[in-house]
Amino acid sequence: FTAKDIEAYYTAHNVRYREPAYVTFTHVFFSDRAAGRAAALERARRALQQLNKERVPFDLGPTYGDRFLYNLNYVQSHRETLSSHFGTSMAASLMALQPNDRQWQGPFESAHGAHLVMLVASAPERQLALDEVREQVRQDLERQRMEDREQDITKEVVSKYTAKVLADVRVSKS
């Protein structure tokens, strides 16, 4: 393929070459199983004051809560992962937070209970430059051309045949 072929394919299909937005954080979880949602939120509010007052760092915060079903830390996690672990509402809230590695934020509610979060990094969705994905684009273009050739061959073979439908054919039983 020529450089122009690759550039043209990249331009025509650039939506395929995006890096989704992500966040990196740890969280403190407060289960609502034993005492209910209101109690979990109240525990989270008290812990939030304590964590921020004592300037509890990223790595020690989770010891203040309950064990969570999924991960303790989320590194460069995308909205889809967060939605599957916390629900769409909390995922949206996390994606909207500004990073602050000295401040606990929350509480946030999930289907499992309440959470406090220390978000240390985030990045918006971005278009990957052609130089970053050139080999992938070349492979995608090659795959597309192969599929196009297969379709052309199939059409050519099919065009050589004519199908006739015989009407009103009856089979008699003996």
# chains A, B, ... in the order shown; residues from 1 in each chain; ligands from 1
call {"tool": "residues_around", "arguments": {"residues": "region 81-89 of chain A", "least_positions_apart": "4", "cutoff": "10 Å", "atoms": "only C-alpha atoms", "output": "PyMOL selection string"}}
result
chain A and resi 22-23+68-71+74+77+93-95+108-115
call {"tool": "select_by_dssp", "arguments": {"residues": "chain A", "states": "strand (DSSP E)", "output": "PyMOL selection string"}}
result
chain A and resi 18-19+22-31+73-77+105-109+113-123+126-127
call {"tool": "closest_atom_pairs", "arguments": {"of": "region 40-130 of chain A", "to": "region 14-19 of chain A", "cutoff": "9 Å", "atoms": "only C-alpha atoms", "output": "CSV"}}
result
residue,atom,partner,partner_atom,distance
A:Pro124,CA,A:Glu19,CA,8.5
A:Glu125,CA,A:Glu19,CA,5.6
A:Arg126,CA,A:Glu19,CA,5.3
A:Gln127,CA,A:Arg18,CA,4.5
A:Leu128,CA,A:Arg18,CA,5.4
A:Ala129,CA,A:Tyr17,CA,8.1
A:Leu130,CA,A:Tyr17,CA,8.5
call {"tool": "write_last_selection", "arguments": {"atoms": "N, CA and C atoms", "output": "mmCIF file, in the first residue's frame"}}
result
data_model
loop_
_atom_site.group_PDB
_atom_site.id
_atom_site.type_symbol
_atom_site.label_atom_id
_atom_site.label_comp_id
_atom_site.auth_asym_id
_atom_site.auth_seq_id
_atom_site.Cartn_x
_atom_site.Cartn_y
_atom_site.Cartn_z
ATOM 1 N N PRO A 124 -9.195 13.009 28.629
ATOM 2 C CA PRO A 124 -10.365 13.005 27.751
ATOM 3 C C PRO A 124 -10.157 12.065 26.564
ATOM 4 N N GLU A 125 -11.240 11.762 25.882
ATOM 5 C CA GLU A 125 -11.118 10.987 24.645
ATOM 6 C C GLU A 125 -10.215 11.762 23.693
ATOM 7 N N ARG A 126 -9.426 11.032 22.926
ATOM 8 C CA ARG A 126 -8.566 11.723 21.968
ATOM 9 C C ARG A 126 -8.433 10.915 20.686
ATOM 10 N N GLN A 127 -8.247 11.647 19.616
ATOM 11 C CA GLN A 127 -7.992 11.038 18.312
ATOM 12 C C GLN A 127 -6.530 10.632 18.260
ATOM 13 N N LEU A 128 -6.267 9.386 17.947
ATOM 14 C CA LEU A 128 -4.889 8.932 17.818
ATOM 15 C C LEU A 128 -4.322 9.428 16.497
ATOM 16 N N ALA A 129 -3.115 9.915 16.521
ATOM 17 C CA ALA A 129 -2.455 10.400 15.309
ATOM 18 C C ALA A 129 -2.122 9.207 14.409
ATOM 19 N N LEU A 130 -2.113 9.469 13.134
ATOM 20 C CA LEU A 130 -1.809 8.405 12.174
ATOM 21 C C LEU A 130 -0.478 7.730 12.495
#
call {"tool": "closest_atom_pairs", "arguments": {"of": "region 56-164 of chain A", "to": "region 27-42 of chain A", "cutoff": "7 Å", "atoms": "only C-alpha atoms", "output": "CSV"}}
result
residue,atom,partner,partner_atom,distance
A:Gly61,CA,A:Val28,CA,6.3
A:Pro62,CA,A:Val28,CA,4.5
A:Tyr64,CA,A:Val28,CA,6.6
A:Gly65,CA,A:Phe29,CA,5.2
A:Asp66,CA,A:Phe29,CA,5.4
A:Arg67,CA,A:Phe29,CA,6.8
A:Phe68,CA,A:Phe29,CA,6.2
A:Leu72,CA,A:His27,CA,6.3
A:Asn73,CA,A:His27,CA,6.9
A:Pro107,CA,A:Leu41,CA,6.9
A:His112,CA,A:Ser31,CA,6.2
A:Gly113,CA,A:Ser31,CA,4.7
A:Ala114,CA,A:Phe30,CA,5.1
A:His115,CA,A:Phe29,CA,4.6
A:Leu116,CA,A:Val28,CA,5.0
A:Val117,CA,A:His27,CA,4.4
A:Met118,CA,A:His27,CA,6.3
call {"tool": "atom_distance", "arguments": {"atom1": "CA of Arg134 (chain A)", "atom2": "CA of Glu147 (chain A)"}}
result
19.9 Å
call {"tool": "residues_around", "arguments": {"residues": "Arg102 (chain A)", "least_positions_apart": "5", "cutoff": "8 Å", "atoms": "only C-alpha atoms", "output": "PDB file with N, CA and C atoms, in the first residue's frame"}}
result
ATOM      1  N   ASN A  52     -10.041  13.355  54.853  1.00  0.00           N
ATOM      2  CA  ASN A  52      -9.504  14.645  54.405  1.00  0.00           C
ATOM      3  C   ASN A  52      -8.846  15.418  55.542  1.00  0.00           C
ATOM      4  N   ARG A  55      -5.596  13.812  56.111  1.00  0.00           N
ATOM      5  CA  ARG A  55      -4.831  13.745  54.857  1.00  0.00           C
ATOM      6  C   ARG A  55      -4.342  12.317  54.565  1.00  0.00           C
ATOM      7  N   PRO A  57      -3.461   9.214  52.643  1.00  0.00           N
ATOM      8  CA  PRO A  57      -3.027   9.081  51.244  1.00  0.00           C
ATOM      9  C   PRO A  57      -3.780   7.990  50.482  1.00  0.00           C
ATOM     10  N   PHE A  58      -3.588   8.018  49.204  1.00  0.00           N
ATOM     11  CA  PHE A  58      -4.189   7.107  48.231  1.00  0.00           C
ATOM     12  C   PHE A  58      -4.135   5.653  48.683  1.00  0.00           C
ATOM     13  N   MET A 118     -10.556   8.866  45.541  1.00  0.00           N
ATOM     14  CA  MET A 118      -9.433   9.754  45.316  1.00  0.00           C
ATOM     15  C   MET A 118      -9.012   9.534  43.866  1.00  0.00           C
TER      16      MET A 118
END
call {"tool": "select_by_dssp", "arguments": {"residues": "region 1-142 of chain A", "states": "alpha helix (DSSP H)", "output": "mmCIF file with N, CA and C atoms, in the first residue's frame"}}
result
data_model
loop_
_atom_site.group_PDB
_atom_site.id
_atom_site.type_symbol
_atom_site.label_atom_id
_atom_site.label_comp_id
_atom_site.auth_asym_id
_atom_site.auth_seq_id
_atom_site.Cartn_x
_atom_site.Cartn_y
_atom_site.Cartn_z
ATOM 1 N N ALA A 3 1.612 5.304 0.908
ATOM 2 C CA ALA A 3 1.342 6.185 2.048
ATOM 3 C C ALA A 3 0.002 6.893 1.859
ATOM 4 N N LYS A 4 -0.319 7.263 0.597
ATOM 5 C CA LYS A 4 -1.603 7.922 0.328
ATOM 6 C C LYS A 4 -2.778 6.993 0.579
ATOM 7 N N ASP A 5 -2.631 5.701 0.243
ATOM 8 C CA ASP A 5 -3.689 4.718 0.520
ATOM 9 C C ASP A 5 -3.966 4.643 2.022
ATOM 10 N N ILE A 6 -2.901 4.566 2.787
ATOM 11 C CA ILE A 6 -3.032 4.458 4.246
ATOM 12 C C ILE A 6 -3.641 5.728 4.818
ATOM 13 N N GLU A 7 -3.192 6.873 4.369
ATOM 14 C CA GLU A 7 -3.744 8.146 4.844
ATOM 15 C C GLU A 7 -5.224 8.271 4.497
ATOM 16 N N ALA A 8 -5.602 7.876 3.291
ATOM 17 C CA ALA A 8 -6.999 7.961 2.869
ATOM 18 C C ALA A 8 -7.876 7.041 3.720
ATOM 19 N N TYR A 9 -7.398 5.836 3.988
ATOM 20 C CA TYR A 9 -8.162 4.891 4.813
ATOM 21 C C TYR A 9 -8.302 5.429 6.235
ATOM 22 N N TYR A 10 -7.225 5.943 6.797
ATOM 23 C CA TYR A 10 -7.251 6.526 8.144
ATOM 24 C C TYR A 10 -8.267 7.667 8.207
ATOM 25 N N THR A 11 -8.252 8.546 7.231
ATOM 26 C CA THR A 11 -9.170 9.684 7.214
ATOM 27 C C THR A 11 -10.617 9.219 7.115
ATOM 28 N N ALA A 12 -10.872 8.233 6.261
ATOM 29 C CA ALA A 12 -12.238 7.745 6.063
ATOM 30 C C ALA A 12 -12.768 6.970 7.269
ATOM 31 N N ARG A 37 -28.995 1.628 52.902
ATOM 32 C CA ARG A 37 -28.371 2.698 52.112
ATOM 33 C C ARG A 37 -28.083 3.939 52.962
ATOM 34 N N ALA A 38 -29.030 4.370 53.774
ATOM 35 C CA ALA A 38 -28.837 5.589 54.576
ATOM 36 C C ALA A 38 -27.640 5.425 55.517
ATOM 37 N N ALA A 39 -27.499 4.259 56.130
ATOM 38 C CA ALA A 39 -26.390 4.018 57.052
ATOM 39 C C ALA A 39 -25.049 4.005 56.299
ATOM 40 N N ALA A 40 -25.038 3.411 55.114
ATOM 41 C CA ALA A 40 -23.801 3.385 54.312
ATOM 42 C C ALA A 40 -23.388 4.805 53.941
ATOM 43 N N LEU A 41 -24.352 5.625 53.537
ATOM 44 C CA LEU A 41 -24.040 7.022 53.186
ATOM 45 C C LEU A 41 -23.549 7.803 54.397
ATOM 46 N N GLU A 42 -24.144 7.576 55.543
ATOM 47 C CA GLU A 42 -23.711 8.276 56.758
ATOM 48 C C GLU A 42 -22.292 7.859 57.142
ATOM 49 N N ARG A 43 -21.981 6.575 57.058
ATOM 50 C CA ARG A 43 -20.609 6.111 57.329
ATOM 51 C C ARG A 43 -19.629 6.765 56.360
ATOM 52 N N ALA A 44 -20.039 6.864 55.078
ATOM 53 C CA ALA A 44 -19.169 7.470 54.062
ATOM 54 C C ALA A 44 -18.929 8.946 54.362
ATOM 55 N N ARG A 45 -19.967 9.664 54.757
ATOM 56 C CA ARG A 45 -19.813 11.102 55.065
ATOM 57 C C ARG A 45 -18.853 11.312 56.242
ATOM 58 N N ARG A 46 -19.002 10.499 57.281
ATOM 59 C CA ARG A 46 -18.095 10.618 58.438
ATOM 60 C C ARG A 46 -16.656 10.287 58.028
ATOM 61 N N ALA A 47 -16.497 9.228 57.240
ATOM 62 C CA ALA A 47 -15.160 8.833 56.802
ATOM 63 C C ALA A 47 -14.544 9.894 55.900
ATOM 64 N N LEU A 48 -15.346 10.533 55.062
ATOM 65 C CA LEU A 48 -14.842 11.583 54.172
ATOM 66 C C LEU A 48 -14.211 12.702 54.988
ATOM 67 N N GLN A 49 -14.891 13.131 56.036
ATOM 68 C CA GLN A 49 -14.335 14.185 56.901
ATOM 69 C C GLN A 49 -13.017 13.723 57.523
ATOM 70 N N GLN A 50 -12.993 12.517 58.031
ATOM 71 C CA GLN A 50 -11.795 11.998 58.683
ATOM 72 C C GLN A 50 -10.638 11.845 57.690
ATOM 73 N N LEU A 51 -10.907 11.260 56.527
ATOM 74 C CA LEU A 51 -9.858 11.038 55.527
ATOM 75 C C LEU A 51 -9.211 12.353 55.088
ATOM 76 N N ASN A 52 -10.041 13.355 54.853
ATOM 77 C CA ASN A 52 -9.504 14.645 54.405
ATOM 78 C C ASN A 52 -8.846 15.418 55.542
ATOM 79 N N LYS A 53 -9.409 15.328 56.738
ATOM 80 C CA LYS A 53 -8.815 16.012 57.896
ATOM 81 C C LYS A 53 -7.434 15.438 58.210
ATOM 82 N N ARG A 79 -15.211 4.326 30.765
ATOM 83 C CA ARG A 79 -16.602 4.418 31.221
ATOM 84 C C ARG A 79 -17.295 3.053 31.230
ATOM 85 N N GLU A 80 -17.054 2.220 30.222
ATOM 86 C CA GLU A 80 -17.727 0.920 30.141
ATOM 87 C C GLU A 80 -17.388 0.039 31.342
ATOM 88 N N THR A 81 -16.118 -0.002 31.709
ATOM 89 C CA THR A 81 -15.702 -0.788 32.871
ATOM 90 C C THR A 81 -16.338 -0.235 34.131
ATOM 91 N N LEU A 82 -16.284 1.079 34.277
ATOM 92 C CA LEU A 82 -16.848 1.701 35.470
ATOM 93 C C LEU A 82 -18.352 1.460 35.562
ATOM 94 N N SER A 83 -19.039 1.552 34.436
ATOM 95 C CA SER A 83 -20.486 1.302 34.425
ATOM 96 C C SER A 83 -20.805 -0.118 34.854
ATOM 97 N N SER A 84 -20.003 -1.067 34.410
ATOM 98 C CA SER A 84 -20.278 -2.458 34.764
ATOM 99 C C SER A 84 -19.983 -2.744 36.240
ATOM 100 N N HIS A 85 -19.085 -1.988 36.857
ATOM 101 C CA HIS A 85 -18.742 -2.212 38.265
ATOM 102 C C HIS A 85 -19.545 -1.345 39.232
ATOM 103 N N PHE A 86 -19.886 -0.115 38.798
ATOM 104 C CA PHE A 86 -20.516 0.834 39.713
ATOM 105 C C PHE A 86 -21.897 1.310 39.267
ATOM 106 N N THR A 88 -24.146 3.183 35.737
ATOM 107 C CA THR A 88 -23.926 4.291 34.812
ATOM 108 C C THR A 88 -23.877 5.653 35.497
ATOM 109 N N SER A 89 -24.674 5.841 36.523
ATOM 110 C CA SER A 89 -24.699 7.139 37.202
ATOM 111 C C SER A 89 -23.365 7.444 37.883
ATOM 112 N N MET A 90 -22.851 6.479 38.633
ATOM 113 C CA MET A 90 -21.572 6.712 39.306
ATOM 114 C C MET A 90 -20.446 6.805 38.282
ATOM 115 N N ALA A 91 -20.503 6.004 37.215
ATOM 116 C CA ALA A 91 -19.482 6.078 36.170
ATOM 117 C C ALA A 91 -19.436 7.481 35.577
ATOM 118 N N ALA A 92 -20.598 8.059 35.307
ATOM 119 C CA ALA A 92 -20.655 9.422 34.757
ATOM 120 C C ALA A 92 -20.056 10.412 35.744
ATOM 121 N N SER A 93 -20.358 10.254 37.020
ATOM 122 C CA SER A 93 -19.807 11.147 38.042
ATOM 123 C C SER A 93 -18.279 11.041 38.099
ATOM 124 N N LEU A 94 -17.769 9.818 38.036
ATOM 125 C CA LEU A 94 -16.318 9.622 38.080
ATOM 126 C C LEU A 94 -15.632 10.250 36.875
ATOM 127 N N MET A 95 -16.245 10.096 35.697
ATOM 128 C CA MET A 95 -15.638 10.651 34.479
ATOM 129 C C MET A 95 -15.636 12.182 34.505
ATOM 130 N N ALA A 96 -16.517 12.779 35.289
ATOM 131 C CA ALA A 96 -16.612 14.240 35.358
ATOM 132 C C ALA A 96 -15.711 14.851 36.436
ATOM 133 N N LEU A 130 -2.113 9.469 13.134
ATOM 134 C CA LEU A 130 -1.809 8.405 12.174
ATOM 135 C C LEU A 130 -0.478 7.730 12.495
ATOM 136 N N ASP A 131 0.513 8.489 12.895
ATOM 137 C CA ASP A 131 1.817 7.897 13.220
ATOM 138 C C ASP A 131 1.730 6.904 14.383
ATOM 139 N N GLU A 132 0.769 7.094 15.278
ATOM 140 C CA GLU A 132 0.610 6.188 16.413
ATOM 141 C C GLU A 132 -0.034 4.859 16.014
ATOM 142 N N VAL A 133 -0.826 4.885 14.941
ATOM 143 C CA VAL A 133 -1.608 3.707 14.568
ATOM 144 C C VAL A 133 -1.373 3.256 13.128
ATOM 145 N N ARG A 134 -0.309 3.732 12.525
ATOM 146 C CA ARG A 134 -0.067 3.450 11.106
ATOM 147 C C ARG A 134 -0.113 1.948 10.798
ATOM 148 N N GLU A 135 0.538 1.124 11.605
ATOM 149 C CA GLU A 135 0.561 -0.317 11.335
ATOM 150 C C GLU A 135 -0.836 -0.920 11.464
ATOM 151 N N GLN A 136 -1.588 -0.495 12.450
ATOM 152 C CA GLN A 136 -2.958 -0.985 12.602
ATOM 153 C C GLN A 136 -3.815 -0.571 11.404
ATOM 154 N N VAL A 137 -3.650 0.669 10.944
ATOM 155 C CA VAL A 137 -4.393 1.157 9.781
ATOM 156 C C VAL A 137 -4.016 0.333 8.543
ATOM 157 N N ARG A 138 -2.732 0.055 8.374
ATOM 158 C CA ARG A 138 -2.290 -0.763 7.235
ATOM 159 C C ARG A 138 -2.936 -2.147 7.278
ATOM 160 N N GLN A 139 -2.982 -2.746 8.459
ATOM 161 C CA GLN A 139 -3.606 -4.065 8.606
ATOM 162 C C GLN A 139 -5.108 -4.002 8.339
ATOM 163 N N ASP A 140 -5.752 -2.962 8.833
ATOM 164 C CA ASP A 140 -7.194 -2.795 8.593
ATOM 165 C C ASP A 140 -7.478 -2.602 7.108
ATOM 166 N N LEU A 141 -6.644 -1.824 6.443
ATOM 167 C CA LEU A 141 -6.802 -1.606 5.003
ATOM 168 C C LEU A 141 -6.601 -2.922 4.249
ATOM 169 N N GLU A 142 -5.603 -3.683 4.620
ATOM 170 C CA GLU A 142 -5.359 -4.972 3.978
ATOM 171 C C GLU A 142 -6.557 -5.904 4.167
#
call {"tool": "atom_distance", "arguments": {"atom1": "CA of Gln76 (chain A)", "atom2": "CA of Ala21 (chain A)"}}
result
8.4 Å
call {"tool": "closest_residue", "arguments": {"among": "A:Thr63, A:Ala123, A:Thr26, A:Phe1", "to": "Gln105 (chain A)", "atoms": "only C-alpha atoms"}}
result
A:Thr26
call {"tool": "residues_around", "arguments": {"residues": "Leu119 (chain A)", "least_positions_apart": "2", "cutoff": "8 Å", "atoms": "only C-alpha atoms", "output": "list in words"}}
result
Val23, Thr24, Phe25, Thr26, Leu97, Gln98, Pro99, Asn100, Asp101, Trp104, Val117, Ala121 and Ser122 of chain A
call {"tool": "atom_distance", "arguments": {"atom1": "CA of Thr162 (chain A)", "atom2": "CA of Asp148 (chain A)"}}
result
23.2 Å
